[in-house]
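**Student:** Dumping the structure here so I can ask a few things about it.
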Amino acid sequence: MPMPYIHFQGHAAEALAFYADVFGAEDLSMMRYADAPGMDDTMRDPTRIIHGQLTLPDGVLMASDYPPGMTGDAQAAVSIMSVAESVDEGRRIFNALATGGTVVQAYGPSFFSRGFGMLKDRYGTHWMISVGPEEPLDATADA
């Protein structure tokens, strides 16, 4: 099963702690470059995360910072989809992630969901927050 693995430019610890709070993480573990076994001295940055893992009630989110001296764009072409259990819970998650970020599509009802919205959070991660339909969508209804 594919799992999101997102990269940051020195903000992984802060972002993972924020996501843990927003999504109600069951466990958060992080290792810094400075603490990684066998790491070259030029890579021993005590502020950057070499690997972080957030265990959520319904999945896992992994992340790291780019290695010291390496540049990269944070999640420029990928969105992480999260499906909330209720419209209110979806709105809460959307609003929390949107704080300090940019709303791409405001949260509200759509033809496929009672609640859906898109945003780019303050760490550069793109999110799609949705609520499942009350009734399963029938792909064969028009066939």
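For the structure tokens, the naming scheme is as follows: chains receive sequential letters (A, B, ...) according to their order of presentation, residues are indexed from 1 within each chain, and ligands are indexed from 1 in presentation order.
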List every residue of chain A that DSSP, applied to the backbone of this structure, assigns to strand (DSSP E or B), and report them as a PyMOL selection string.

**Tutor:** chain A and resi 5-8+27-32+49-56+59-65+79-84+102-108+116-120+126-131

**Student:** I'd like the neighbourhood of range 7-22 of chain A as a list in words, where a residue qualifies if any of its atoms comes within 7 Å (using only C-alpha atoms), though same-chain residues fewer than 3 positions away should be ignored.

**Tutor:**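 The residues satisfying every condition are Ala25, Arg48, Ile49, Leu54, Ala63, Ser64, Asp65, Tyr66, Ala74, Gln75, Ile93, Ala96 and Tyr123 of chain A.
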
**Student:** Would you save the residues from that selection as a PDB file, in the first residue's frame, using C-alpha atoms?

**Tutor:**
```
ATOM      1  CA  ALA A  25      -1.837  11.013  16.052  1.00  0.00           C
ATOM      2  CA  ARG A  48      16.950  18.501  10.454  1.00  0.00           C
ATOM      3  CA  ILE A  49      14.881  15.310  10.521  1.00  0.00           C
ATOM      4  CA  LEU A  54       3.239   9.841  12.282  1.00  0.00           C
ATOM      5  CA  ALA A  63       8.397  12.849   6.279  1.00  0.00           C
ATOM      6  CA  SER A  64      11.924  14.192   6.398  1.00  0.00           C
ATOM      7  CA  ASP A  65      13.881  17.325   5.740  1.00  0.00           C
ATOM      8  CA  TYR A  66      16.054  17.504   2.682  1.00  0.00           C
ATOM      9  CA  ALA A  74       8.076  21.056  -0.862  1.00  0.00           C
ATOM     10  CA  GLN A  75       5.325  18.845  -2.307  1.00  0.00           C
ATOM     11  CA  ILE A  93      -9.298  19.725   9.741  1.00  0.00           C
ATOM     12  CA  ALA A  96      -6.661  24.015  10.982  1.00  0.00           C
ATOM     13  CA  TYR A 123       4.611  24.182   5.180  1.00  0.00           C
TER      14      TYR A 123
END
```

**Student:** Can you list, as a list in words, all residues belonging to range 35-140 of chain A that DSSP tags as helix (DSSP H, G or I)?

**Tutor:**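 Written out, the helix (DSSP H, G or I) residues of range 35-140 of chain A are Asp35, Asp41, Thr42, Met43, Val87, Asp88, Glu89, Gly90, Arg91, Arg92, Ile93, Phe94, Asn95, Ala96, Leu97 and Ala98 of chain A.
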
**Student:** Gly100 in chain A: which residues within 12 Å, counting only C-alpha atoms, same-chain residues fewer than 5 positions away excluded, as a VMD selection string?

**Tutor:** chain A and resid 94 to 95 119 to 125

**Student:** Tell me which protein, DNA and RNA residues are within 12 Å of range 85-90 of chain A, counting only C-alpha atoms, leaving out same-chain ones fewer than 6 positions away, and put them as a ChimeraX atom specification.

**Tutor:** /A:22-24,57-58,96-98,106-110,113-118,127-134

**Student:** Would you save the residues of that selection, restricted to N, CA and C atoms, as a PDB file, in the first residue's frame?

**Tutor:**
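Listing of again-v4.pdb after writing:
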```pdb
ATOM      1  N   VAL A  22      -3.425  18.077  14.585  1.00  0.00           N
ATOM      2  CA  VAL A  22      -4.610  18.223  13.737  1.00  0.00           C
ATOM      3  C   VAL A  22      -5.341  16.890  13.547  1.00  0.00           C
ATOM      4  N   PHE A  23      -4.589  15.834  13.291  1.00  0.00           N
ATOM      5  CA  PHE A  23      -5.202  14.548  12.954  1.00  0.00           C
ATOM      6  C   PHE A  23      -5.325  13.585  14.134  1.00  0.00           C
ATOM      7  N   GLY A  24      -4.860  13.972  15.320  1.00  0.00           N
ATOM      8  CA  GLY A  24      -4.969  13.095  16.484  1.00  0.00           C
ATOM      9  C   GLY A  24      -4.074  11.881  16.380  1.00  0.00           C
ATOM     10  N   PRO A  57      -4.938   7.303  13.367  1.00  0.00           N
ATOM     11  CA  PRO A  57      -5.946   6.257  13.537  1.00  0.00           C
ATOM     12  C   PRO A  57      -6.246   5.488  12.245  1.00  0.00           C
ATOM     13  N   ASP A  58      -6.065   6.129  11.087  1.00  0.00           N
ATOM     14  CA  ASP A  58      -6.408   5.458   9.832  1.00  0.00           C
ATOM     15  C   ASP A  58      -5.271   5.422   8.820  1.00  0.00           C
ATOM     16  N   ALA A  96      -7.938  24.094  10.272  1.00  0.00           N
ATOM     17  CA  ALA A  96      -6.661  24.015  10.982  1.00  0.00           C
ATOM     18  C   ALA A  96      -5.497  24.029   9.998  1.00  0.00           C
ATOM     19  N   LEU A  97      -5.597  23.226   8.936  1.00  0.00           N
ATOM     20  CA  LEU A  97      -4.520  23.172   7.944  1.00  0.00           C
ATOM     21  C   LEU A  97      -4.402  24.473   7.153  1.00  0.00           C
ATOM     22  N   ALA A  98      -5.509  25.167   6.960  1.00  0.00           N
ATOM     23  CA  ALA A  98      -5.504  26.408   6.169  1.00  0.00           C
ATOM     24  C   ALA A  98      -4.904  27.585   6.922  1.00  0.00           C
ATOM     25  N   ALA A 106     -12.431  26.542  -1.425  1.00  0.00           N
ATOM     26  CA  ALA A 106     -13.055  26.624  -0.107  1.00  0.00           C
ATOM     27  C   ALA A 106     -13.781  25.325   0.223  1.00  0.00           C
ATOM     28  N   TYR A 107     -13.817  24.994   1.494  1.00  0.00           N
ATOM     29  CA  TYR A 107     -14.489  23.784   1.956  1.00  0.00           C
ATOM     30  C   TYR A 107     -16.004  23.955   1.848  1.00  0.00           C
ATOM     31  N   GLY A 108     -16.660  22.992   1.243  1.00  0.00           N
ATOM     32  CA  GLY A 108     -18.106  23.030   1.104  1.00  0.00           C
ATOM     33  C   GLY A 108     -18.594  21.811   0.340  1.00  0.00           C
ATOM     34  N   PRO A 109     -19.903  21.721   0.120  1.00  0.00           N
ATOM     35  CA  PRO A 109     -20.447  20.569  -0.597  1.00  0.00           C
ATOM     36  C   PRO A 109     -20.050  20.591  -2.074  1.00  0.00           C
ATOM     37  N   SER A 110     -19.930  19.398  -2.644  1.00  0.00           N
ATOM     38  CA  SER A 110     -19.652  19.259  -4.074  1.00  0.00           C
ATOM     39  C   SER A 110     -20.529  18.125  -4.608  1.00  0.00           C
ATOM     40  N   SER A 113     -19.218  14.953  -2.776  1.00  0.00           N
ATOM     41  CA  SER A 113     -18.976  14.910  -1.340  1.00  0.00           C
ATOM     42  C   SER A 113     -19.811  15.965  -0.625  1.00  0.00           C
ATOM     43  N   ARG A 114     -20.236  15.624   0.580  1.00  0.00           N
ATOM     44  CA  ARG A 114     -20.973  16.589   1.401  1.00  0.00           C
ATOM     45  C   ARG A 114     -20.049  17.692   1.910  1.00  0.00           C
ATOM     46  N   GLY A 115     -18.742  17.458   1.876  1.00  0.00           N
ATOM     47  CA  GLY A 115     -17.755  18.449   2.272  1.00  0.00           C
ATOM     48  C   GLY A 115     -16.442  18.175   1.576  1.00  0.00           C
ATOM     49  N   PHE A 116     -15.899  19.177   0.894  1.00  0.00           N
ATOM     50  CA  PHE A 116     -14.638  19.009   0.165  1.00  0.00           C
ATOM     51  C   PHE A 116     -13.961  20.361   0.051  1.00  0.00           C
ATOM     52  N   GLY A 117     -12.643  20.377   0.202  1.00  0.00           N
ATOM     53  CA  GLY A 117     -11.866  21.590   0.001  1.00  0.00           C
ATOM     54  C   GLY A 117     -10.410  21.256  -0.269  1.00  0.00           C
ATOM     55  N   MET A 118      -9.706  22.199  -0.894  1.00  0.00           N
ATOM     56  CA  MET A 118      -8.285  22.020  -1.214  1.00  0.00           C
ATOM     57  C   MET A 118      -7.509  23.218  -0.685  1.00  0.00           C
ATOM     58  N   TRP A 127      -3.227  19.757   0.386  1.00  0.00           N
ATOM     59  CA  TRP A 127      -4.194  18.847   0.991  1.00  0.00           C
ATOM     60  C   TRP A 127      -5.524  18.919   0.260  1.00  0.00           C
ATOM     61  N   MET A 128      -6.204  17.784   0.202  1.00  0.00           N
ATOM     62  CA  MET A 128      -7.595  17.701  -0.211  1.00  0.00           C
ATOM     63  C   MET A 128      -8.327  17.050   0.957  1.00  0.00           C
ATOM     64  N   ILE A 129      -9.268  17.777   1.536  1.00  0.00           N
ATOM     65  CA  ILE A 129     -10.030  17.276   2.670  1.00  0.00           C
ATOM     66  C   ILE A 129     -11.442  16.996   2.172  1.00  0.00           C
ATOM     67  N   SER A 130     -11.919  15.799   2.440  1.00  0.00           N
ATOM     68  CA  SER A 130     -13.213  15.378   1.917  1.00  0.00           C
ATOM     69  C   SER A 130     -13.989  14.609   2.975  1.00  0.00           C
ATOM     70  N   VAL A 131     -15.272  14.470   2.726  1.00  0.00           N
ATOM     71  CA  VAL A 131     -16.144  13.617   3.511  1.00  0.00           C
ATOM     72  C   VAL A 131     -16.756  12.618   2.539  1.00  0.00           C
ATOM     73  N   GLY A 132     -16.807  11.381   2.938  1.00  0.00           N
ATOM     74  CA  GLY A 132     -17.377  10.364   2.066  1.00  0.00           C
ATOM     75  C   GLY A 132     -18.858  10.600   1.824  1.00  0.00           C
ATOM     76  N   PRO A 133     -19.383  10.077   0.731  1.00  0.00           N
ATOM     77  CA  PRO A 133     -20.816  10.236   0.442  1.00  0.00           C
ATOM     78  C   PRO A 133     -21.650   9.451   1.448  1.00  0.00           C
ATOM     79  N   GLU A 134     -22.886   9.904   1.668  1.00  0.00           N
ATOM     80  CA  GLU A 134     -23.783   9.172   2.570  1.00  0.00           C
ATOM     81  C   GLU A 134     -24.120   7.809   1.989  1.00  0.00           C
TER      82      GLU A 134
END
```

**Student:** Nearest to Ser79 in chain A among A:Pro46, A:Thr55, A:Val104, A:Asp40, with distances taken over only C-alpha atoms: which residue is it?

**Tutor:**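 Ranking A:Pro46, A:Thr55, A:Val104, A:Asp40 by distance to Ser79 in chain A, first place goes to A:Val104.
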
**Student:** Can you work out which one of A:Pro37, A:Arg32, A:Glu26, A:Asp73 has the shortest atom-to-atom distance to Val60 in chain A, counting only C-alpha atoms?

**Tutor:**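 Of all the options, A:Glu26 lies closest to Val60 in chain A.
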
**Student:** Have a look at CA of Gly72 in chain A and CA of Gly52 in chain A and let me know their distance in Å, one decimal.

**Tutor:**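 Between these atoms lies a distance of 17.8 Å.
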
**Student:** Quick one: of A:Met31, A:Ala84, A:Leu56, A:Leu61, who's nearest to Pro2 in chain A, counting only C-alpha atoms?

**Tutor:**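 Among the listed residues, A:Leu61 lies closest to Pro2 in chain A.
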